file final_10.cif (mmCIF, C-alpha atoms; chains and numbers go by the auth columns)
data_input
#
loop_
_atom_site.group_PDB
_atom_site.id
_atom_site.type_symbol
_atom_site.label_atom_id
_atom_site.label_comp_id
_atom_site.label_asym_id
_atom_site.label_seq_id
_atom_site.Cartn_x
_atom_site.Cartn_y
_atom_site.Cartn_z
_atom_site.B_iso_or_equiv
_atom_site.auth_seq_id
_atom_site.auth_asym_id
ATOM 1 C CA PRO A 1 29.151 33.120 18.803 0.00 1 A
ATOM 2 C CA SER A 2 28.806 31.084 15.606 0.00 2 A
ATOM 3 C CA PRO A 3 30.114 27.510 15.631 0.00 3 A
ATOM 4 C CA TYR A 4 31.535 28.090 12.148 0.00 4 A
ATOM 5 C CA PRO A 5 34.714 30.037 11.414 0.00 5 A
ATOM 6 C CA VAL A 6 33.797 33.589 10.427 0.00 6 A
ATOM 7 C CA MET A 7 35.041 34.777 7.060 0.00 7 A
ATOM 8 C CA PRO A 8 36.871 38.108 7.300 0.00 8 A
ATOM 9 C CA THR A 9 34.837 40.935 5.794 0.00 9 A
ATOM 10 C CA ARG A 10 37.663 42.129 3.558 0.00 10 A
ATOM 11 C CA LEU A 11 37.521 38.826 1.614 0.00 11 A
ATOM 12 C CA SER A 12 33.772 38.752 1.013 0.00 12 A
ATOM 13 C CA LYS A 13 32.600 39.184 -2.568 0.00 13 A
ATOM 14 C CA ASN A 14 30.336 42.128 -1.884 0.00 14 A
ATOM 15 C CA ARG A 15 33.361 44.357 -1.033 0.00 15 A
ATOM 16 C CA LYS A 16 34.063 44.414 -4.767 0.00 16 A
ATOM 17 C CA LYS A 17 30.466 45.534 -5.482 0.00 17 A
ATOM 18 C CA ARG A 18 30.588 48.595 -3.260 0.00 18 A
ATOM 19 C CA GLY A 19 29.709 51.736 -5.202 0.00 19 A
ATOM 20 C CA HIS A 20 27.842 49.866 -7.942 0.00 20 A
ATOM 21 C CA VAL A 21 24.154 50.540 -7.440 0.00 21 A
ATOM 22 C CA SER A 22 22.480 47.137 -7.763 0.00 22 A
ATOM 23 C CA ALA A 23 25.428 44.967 -6.733 0.00 23 A
ATOM 24 C CA GLY A 24 25.251 42.660 -9.745 0.00 24 A
ATOM 25 C CA HIS A 25 21.556 41.835 -9.445 0.00 25 A
ATOM 26 C CA GLY A 26 20.315 44.050 -12.266 0.00 26 A
ATOM 27 C CA ARG A 27 18.155 47.190 -12.293 0.00 27 A
ATOM 28 C CA VAL A 28 15.150 45.830 -14.187 0.00 28 A
ATOM 29 C CA GLY A 29 14.663 42.328 -12.706 0.00 29 A
ATOM 30 C CA LYS A 30 15.634 43.343 -9.168 0.00 30 A
ATOM 31 C CA HIS A 31 16.834 40.997 -6.462 0.00 31 A
ATOM 32 C CA ARG A 32 13.632 39.983 -4.700 0.00 32 A
ATOM 33 C CA LYS A 33 13.003 37.196 -2.211 0.00 33 A
ATOM 34 C CA HIS A 34 11.347 34.087 -3.795 0.00 34 A
ATOM 35 C CA GLN A 35 10.222 35.101 -7.241 0.00 35 A
ATOM 36 C CA SER A 36 9.044 31.676 -8.377 0.00 36 A
ATOM 37 C CA GLY A 37 7.813 30.285 -5.074 0.00 37 A
ATOM 38 C CA ARG A 38 9.648 28.369 -2.359 0.00 38 A
ATOM 39 C CA GLY A 39 10.862 24.823 -2.708 0.00 39 A
ATOM 40 C CA ASN A 40 8.958 22.616 -5.120 0.00 40 A
ATOM 41 C CA ALA A 41 6.203 25.172 -5.714 0.00 41 A
ATOM 42 C CA GLY A 42 4.646 25.222 -9.174 0.00 42 A
ATOM 43 C CA GLY A 43 5.616 21.715 -10.255 0.00 43 A
ATOM 44 C CA GLN A 44 2.263 21.312 -12.033 0.00 44 A
ATOM 45 C CA HIS A 45 2.047 24.953 -13.078 0.00 45 A
ATOM 46 C CA HIS A 46 4.865 27.347 -13.899 0.00 46 A
ATOM 47 C CA HIS A 47 7.667 24.783 -13.392 0.00 47 A
ATOM 48 C CA ARG A 48 5.918 22.051 -15.336 0.00 48 A
ATOM 49 C CA ILE A 49 8.503 21.847 -18.133 0.00 49 A
ATOM 50 C CA LEU A 50 11.361 21.299 -15.683 0.00 50 A
ATOM 51 C CA MET A 51 9.428 18.632 -13.755 0.00 51 A
ATOM 52 C CA ASP A 52 8.415 16.763 -16.919 0.00 52 A
ATOM 53 C CA LYS A 53 11.920 16.905 -18.310 0.00 53 A
ATOM 54 C CA TYR A 54 14.041 15.990 -15.293 0.00 54 A
ATOM 55 C CA HIS A 55 11.550 14.240 -12.982 0.00 55 A
ATOM 56 C CA PRO A 56 9.094 12.270 -15.109 0.00 56 A
ATOM 57 C CA GLY A 57 6.546 10.343 -13.032 0.00 57 A
ATOM 58 C CA TYR A 58 6.913 12.595 -9.985 0.00 58 A
ATOM 59 C CA PHE A 59 3.188 13.295 -9.742 0.00 59 A
ATOM 60 C CA GLY A 60 0.380 10.750 -9.533 0.00 60 A
ATOM 61 C CA LYS A 61 -0.166 7.338 -8.025 0.00 61 A
ATOM 62 C CA VAL A 62 0.487 3.770 -9.067 0.00 62 A
ATOM 63 C CA GLY A 63 -0.635 0.415 -7.703 0.00 63 A
ATOM 64 C CA MET A 64 -3.007 -0.525 -4.918 0.00 64 A
ATOM 65 C CA ARG A 65 -3.108 0.693 -1.362 0.00 65 A
ATOM 66 C CA HIS A 66 -2.378 -1.732 1.439 0.00 66 A
ATOM 67 C CA PHE A 67 -4.061 -0.569 4.612 0.00 67 A
ATOM 68 C CA HIS A 68 -2.422 -1.484 7.935 0.00 68 A
ATOM 69 C CA LYS A 69 0.587 -3.055 6.330 0.00 69 A
ATOM 70 C CA THR A 70 2.627 -5.036 8.815 0.00 70 A
ATOM 71 C CA ASN A 71 5.940 -6.338 7.562 0.00 71 A
ATOM 72 C CA ASN A 72 5.867 -9.597 9.511 0.00 72 A
ATOM 73 C CA LYS A 73 3.909 -11.183 6.677 0.00 73 A
ATOM 74 C CA TYR A 74 6.669 -10.364 4.188 0.00 74 A
ATOM 75 C CA PHE A 75 9.619 -11.393 6.390 0.00 75 A
ATOM 76 C CA CYS A 76 11.476 -14.008 4.346 0.00 76 A
ATOM 77 C CA PRO A 77 15.288 -13.930 4.632 0.00 77 A
ATOM 78 C CA ILE A 78 16.933 -15.830 1.777 0.00 78 A
ATOM 79 C CA LEU A 79 20.005 -18.016 1.431 0.00 79 A
ATOM 80 C CA ASN A 80 21.667 -19.041 -1.811 0.00 80 A
ATOM 81 C CA LEU A 81 23.017 -22.537 -2.433 0.00 81 A
ATOM 82 C CA ASP A 82 26.603 -21.291 -2.695 0.00 82 A
ATOM 83 C CA LYS A 83 26.417 -20.274 0.991 0.00 83 A
ATOM 84 C CA LEU A 84 24.502 -23.369 2.157 0.00 84 A
ATOM 85 C CA TRP A 85 27.533 -25.294 3.416 0.00 85 A
ATOM 86 C CA THR A 86 28.761 -22.337 5.479 0.00 86 A
ATOM 87 C CA LEU A 87 25.971 -23.074 7.966 0.00 87 A
ATOM 88 C CA VAL A 88 27.641 -26.300 9.120 0.00 88 A
ATOM 89 C CA SER A 89 31.250 -26.761 10.177 0.00 89 A
ATOM 90 C CA ASP A 90 33.895 -27.968 7.746 0.00 90 A
ATOM 91 C CA GLU A 91 34.478 -31.054 9.901 0.00 91 A
ATOM 92 C CA THR A 92 30.836 -32.071 9.445 0.00 92 A
ATOM 93 C CA ARG A 93 31.202 -31.911 5.700 0.00 93 A
ATOM 94 C CA GLN A 94 34.370 -34.032 5.711 0.00 94 A
ATOM 95 C CA GLU A 95 32.715 -36.512 8.072 0.00 95 A
ATOM 96 C CA TYR A 96 29.831 -37.209 5.673 0.00 96 A
ATOM 97 C CA LYS A 97 31.922 -36.926 2.506 0.00 97 A
ATOM 98 C CA ASP A 98 32.654 -40.633 2.118 0.00 98 A
ATOM 99 C CA SER A 99 29.535 -42.236 3.683 0.00 99 A
ATOM 100 C CA LYS A 100 26.978 -43.326 1.095 0.00 100 A
ATOM 101 C CA ASP A 101 24.071 -44.090 3.459 0.00 101 A
ATOM 102 C CA MET A 102 24.281 -40.975 5.660 0.00 102 A
ATOM 103 C CA ALA A 103 23.747 -37.321 4.776 0.00 103 A
ATOM 104 C CA PRO A 104 24.024 -34.207 6.952 0.00 104 A
ATOM 105 C CA VAL A 105 20.849 -32.288 7.800 0.00 105 A
ATOM 106 C CA ILE A 106 21.113 -28.538 7.271 0.00 106 A
ATOM 107 C CA ASP A 107 18.178 -26.705 8.862 0.00 107 A
ATOM 108 C CA VAL A 108 18.373 -23.189 7.459 0.00 108 A
ATOM 109 C CA THR A 109 15.572 -21.901 9.723 0.00 109 A
ATOM 110 C CA LYS A 110 17.852 -22.492 12.723 0.00 110 A
ATOM 111 C CA SER A 111 20.246 -19.960 11.201 0.00 111 A
ATOM 112 C CA GLY A 112 17.463 -17.467 10.587 0.00 112 A
ATOM 113 C CA TYR A 113 16.784 -18.097 6.879 0.00 113 A
ATOM 114 C CA TYR A 114 13.383 -19.016 5.442 0.00 114 A
ATOM 115 C CA LYS A 115 13.894 -19.498 1.731 0.00 115 A
ATOM 116 C CA VAL A 116 16.630 -21.283 -0.215 0.00 116 A
ATOM 117 C CA LEU A 117 17.453 -19.872 -3.660 0.00 117 A
ATOM 118 C CA GLY A 118 19.466 -21.538 -6.416 0.00 118 A
ATOM 119 C CA LYS A 119 22.486 -19.272 -7.055 0.00 119 A
ATOM 120 C CA GLY A 120 25.835 -21.053 -7.172 0.00 120 A
ATOM 121 C CA CYS A 121 26.573 -24.763 -7.215 0.00 121 A
ATOM 122 C CA LEU A 122 26.761 -27.497 -4.603 0.00 122 A
ATOM 123 C CA PRO A 123 29.574 -30.005 -4.047 0.00 123 A
ATOM 124 C CA LYS A 124 28.722 -33.509 -5.284 0.00 124 A
ATOM 125 C CA GLN A 125 27.567 -34.654 -1.873 0.00 125 A
ATOM 126 C CA PRO A 126 24.032 -35.560 -0.745 0.00 126 A
ATOM 127 C CA VAL A 127 22.497 -33.246 1.822 0.00 127 A
ATOM 128 C CA ILE A 128 19.120 -32.940 3.532 0.00 128 A
ATOM 129 C CA VAL A 129 17.983 -29.307 3.528 0.00 129 A
ATOM 130 C CA LYS A 130 15.137 -28.108 5.737 0.00 130 A
ATOM 131 C CA ALA A 131 13.502 -24.770 4.933 0.00 131 A
ATOM 132 C CA LYS A 132 10.118 -23.070 4.719 0.00 132 A
ATOM 133 C CA PHE A 133 10.456 -22.342 0.989 0.00 133 A
ATOM 134 C CA PHE A 134 12.592 -23.511 -1.939 0.00 134 A
ATOM 135 C CA SER A 135 12.875 -21.978 -5.377 0.00 135 A
ATOM 136 C CA LYS A 136 12.535 -24.341 -8.357 0.00 136 A
ATOM 137 C CA GLY A 137 16.179 -23.943 -9.260 0.00 137 A
ATOM 138 C CA ALA A 138 17.382 -24.655 -5.729 0.00 138 A
ATOM 139 C CA GLU A 139 15.223 -27.784 -5.503 0.00 139 A
ATOM 140 C CA LYS A 140 16.557 -29.035 -8.838 0.00 140 A
ATOM 141 C CA LYS A 141 20.210 -28.507 -7.877 0.00 141 A
ATOM 142 C CA ILE A 142 19.809 -30.143 -4.436 0.00 142 A
ATOM 143 C CA LYS A 143 18.190 -33.204 -6.042 0.00 143 A
ATOM 144 C CA GLU A 144 20.922 -33.374 -8.705 0.00 144 A
ATOM 145 C CA VAL A 145 23.595 -34.006 -6.056 0.00 145 A
ATOM 146 C CA GLY A 146 21.381 -36.665 -4.461 0.00 146 A
ATOM 147 C CA GLY A 147 19.949 -34.481 -1.732 0.00 147 A
ATOM 148 C CA VAL A 148 16.443 -33.940 -0.369 0.00 148 A
ATOM 149 C CA CYS A 149 14.358 -30.792 0.222 0.00 149 A
ATOM 150 C CA VAL A 150 12.254 -30.940 3.376 0.00 150 A
ATOM 151 C CA LEU A 151 9.570 -28.292 3.890 0.00 151 A
ATOM 152 C CA THR A 152 9.098 -27.115 7.479 0.00 152 A
ATOM 153 C CA ALA A 153 6.284 -25.029 8.904 0.00 153 A
#
call {"tool": "encode", "arguments": {"input": "final_10.cif", "output": "structure tokens"}}
result
Amino acid sequence: PSPYPVMPTRLSKNRKKRGHVSAGHGRVGKHRKHQSGRGNAGGQHHHRILMDKYHPGYFGKVGMRHFHKTNNKYFCPILNLDKLWTLVSDETRQEYKDSKDMAPVIDVTKSGYYKVLGKGCLPKQPVIVKAKFFSKGAEKKIKEVGGVCVLTA
């Protein structure tokens, strides 16, 4: 038994075609199996115009090959400045708000981030940020509010 509901025969389209010799598929061209090849056959040959028109760049290569690529080398989760203060509690921020000689240390690597990027703006409050990498913009904005960027290994 089929898992799908079976359509009653009386409703199927070919009931209407009964008695008409080629059932709507033409006498000359005939209804054959795969006249132009199966699937993507002929993309560089008889279907070239379609491929060039609707799928430009489908064939060929670009760039260099990287043998034995392991993704550990490219693992670098990022954090933008607008989310920087979410890593510490709100109480911590209020605690250091008024003190001029103390600043909170936010170690982004503890929260699983490696690189700090400069989207958004920081509150006018000094902060010490520890990370493996900083973008130029992030470094500039952190220094503008009187903070420090500390590079960690």
call {"tool": "atom_distance", "arguments": {"input": "final_10.cif", "atom1": "CA of Thr109 (chain A)", "atom2": "CA of Gly147 (chain A)"}}
result
17.6 Å
call {"tool": "closest_residue", "arguments": {"input": "final_10.cif", "among": "A:Lys83, A:Arg32, A:Lys13, A:Lys130", "to": "Lys110 (chain A)", "atoms": "all atoms listed in the file"}}
result
A:Lys130
call {"tool": "atom_distance", "arguments": {"input": "final_10.cif", "atom1": "CA of Asp101 (chain A)", "atom2": "CA of Pro126 (chain A)"}}
result
9.5 Å
call {"tool": "closest_residue", "arguments": {"input": "final_10.cif", "among": "A:Lys33, A:Lys119, A:His66, A:Arg38", "to": "Asn80 (chain A)", "atoms": "only C-alpha atoms"}}
result
A:Lys119
call {"tool": "resolve_selection", "arguments": {"input": "final_10.cif", "expression": "the PyMOL selection byres ((chain A and resi 82) around 9)", "output": "list in words"}}
result
Leu79, Asn80, Leu81, Lys83, Leu84, Trp85, Thr86, Gly118, Lys119, Gly120, Cys121 and Leu122 of chain A
call {"tool": "atom_distance", "arguments": {"input": "final_10.cif", "atom1": "CA of Lys17 (chain A)", "atom2": "CA of Lys30 (chain A)"}}
result
15.4 Å
call {"tool": "closest_residue", "arguments": {"input": "final_10.cif", "among": "A:Leu117, A:Val62, A:Val105, A:Val127", "to": "Glu144 (chain A)", "atoms": "all atoms listed in the file"}}
result
A:Val127
call {"tool": "closest_residue", "arguments": {"input": "final_10.cif", "among": "A:Cys76, A:Cys149, A:Leu11, A:Ala138", "to": "Asp107 (chain A)", "atoms": "all atoms listed in the file"}}
result
A:Cys149
call {"tool": "axis_aligned_box", "arguments": {"input": "final_10.cif", "around": "region 143-150 of chain A", "padding_each_side": "5 Å", "output": "lines of an AutoDock Vina configuration file"}}
result
center_x = 17.9
center_y = -33.7
center_z = -2.7
size_x = 21.3
size_y = 15.9
size_z = 22.1
call {"tool": "closest_residue", "arguments": {"input": "final_10.cif", "among": "A:Val88, A:Ile142, A:Ile78, A:Val129", "to": "Lys115 (chain A)", "atoms": "only C-alpha atoms"}}
result
A:Ile78
call {"tool": "resolve_selection", "arguments": {"input": "final_10.cif", "expression": "the PyMOL selection byres ((chain A and resi 124) around 6)", "output": "VMD selection string"}}
result
chain A and resid 123 125 145
call {"tool": "write_last_selection", "arguments": {"input": "final_10.cif", "atoms": "C-alpha atoms", "output": "PDB file, keeping the file's coordinate frame"}}
result
ATOM      1  CA  PRO A 123      29.574 -30.005  -4.047  1.00  0.00           C
ATOM      2  CA  GLN A 125      27.567 -34.654  -1.873  1.00  0.00           C
ATOM      3  CA  VAL A 145      23.595 -34.006  -6.056  1.00  0.00           C
TER       4      VAL A 145
END
call {"tool": "closest_residue", "arguments": {"input": "final_10.cif", "among": "A:Leu87, A:Glu139, A:Met64, A:Ala131", "to": "Thr152 (chain A)", "atoms": "all atoms listed in the file"}}
result
A:Ala131
call {"tool": "resolve_selection", "arguments": {"input": "final_10.cif", "expression": "the PyMOL selection byres ((chain A and resi 43) around 12)", "output": "PDB file with C-alpha atoms, in the frame of the given file"}}
result
ATOM      1  CA  SER A  36       9.044  31.676  -8.377  1.00  0.00           C
ATOM      2  CA  GLY A  37       7.813  30.285  -5.074  1.00  0.00           C
ATOM      3  CA  ARG A  38       9.648  28.369  -2.359  1.00  0.00           C
ATOM      4  CA  GLY A  39      10.862  24.823  -2.708  1.00  0.00           C
ATOM      5  CA  ASN A  40       8.958  22.616  -5.120  1.00  0.00           C
ATOM      6  CA  ALA A  41       6.203  25.172  -5.714  1.00  0.00           C
ATOM      7  CA  GLY A  42       4.646  25.222  -9.174  1.00  0.00           C
ATOM      8  CA  GLN A  44       2.263  21.312 -12.033  1.00  0.00           C
ATOM      9  CA  HIS A  45       2.047  24.953 -13.078  1.00  0.00           C
ATOM     10  CA  HIS A  46       4.865  27.347 -13.899  1.00  0.00           C
ATOM     11  CA  HIS A  47       7.667  24.783 -13.392  1.00  0.00           C
ATOM     12  CA  ARG A  48       5.918  22.051 -15.336  1.00  0.00           C
ATOM     13  CA  ILE A  49       8.503  21.847 -18.133  1.00  0.00           C
ATOM     14  CA  LEU A  50      11.361  21.299 -15.683  1.00  0.00           C
ATOM     15  CA  MET A  51       9.428  18.632 -13.755  1.00  0.00           C
ATOM     16  CA  ASP A  52       8.415  16.763 -16.919  1.00  0.00           C
ATOM     17  CA  LYS A  53      11.920  16.905 -18.310  1.00  0.00           C
ATOM     18  CA  TYR A  54      14.041  15.990 -15.293  1.00  0.00           C
ATOM     19  CA  HIS A  55      11.550  14.240 -12.982  1.00  0.00           C
ATOM     20  CA  PRO A  56       9.094  12.270 -15.109  1.00  0.00           C
ATOM     21  CA  GLY A  57       6.546  10.343 -13.032  1.00  0.00           C
ATOM     22  CA  TYR A  58       6.913  12.595  -9.985  1.00  0.00           C
ATOM     23  CA  PHE A  59       3.188  13.295  -9.742  1.00  0.00           C
TER      24      PHE A  59
END
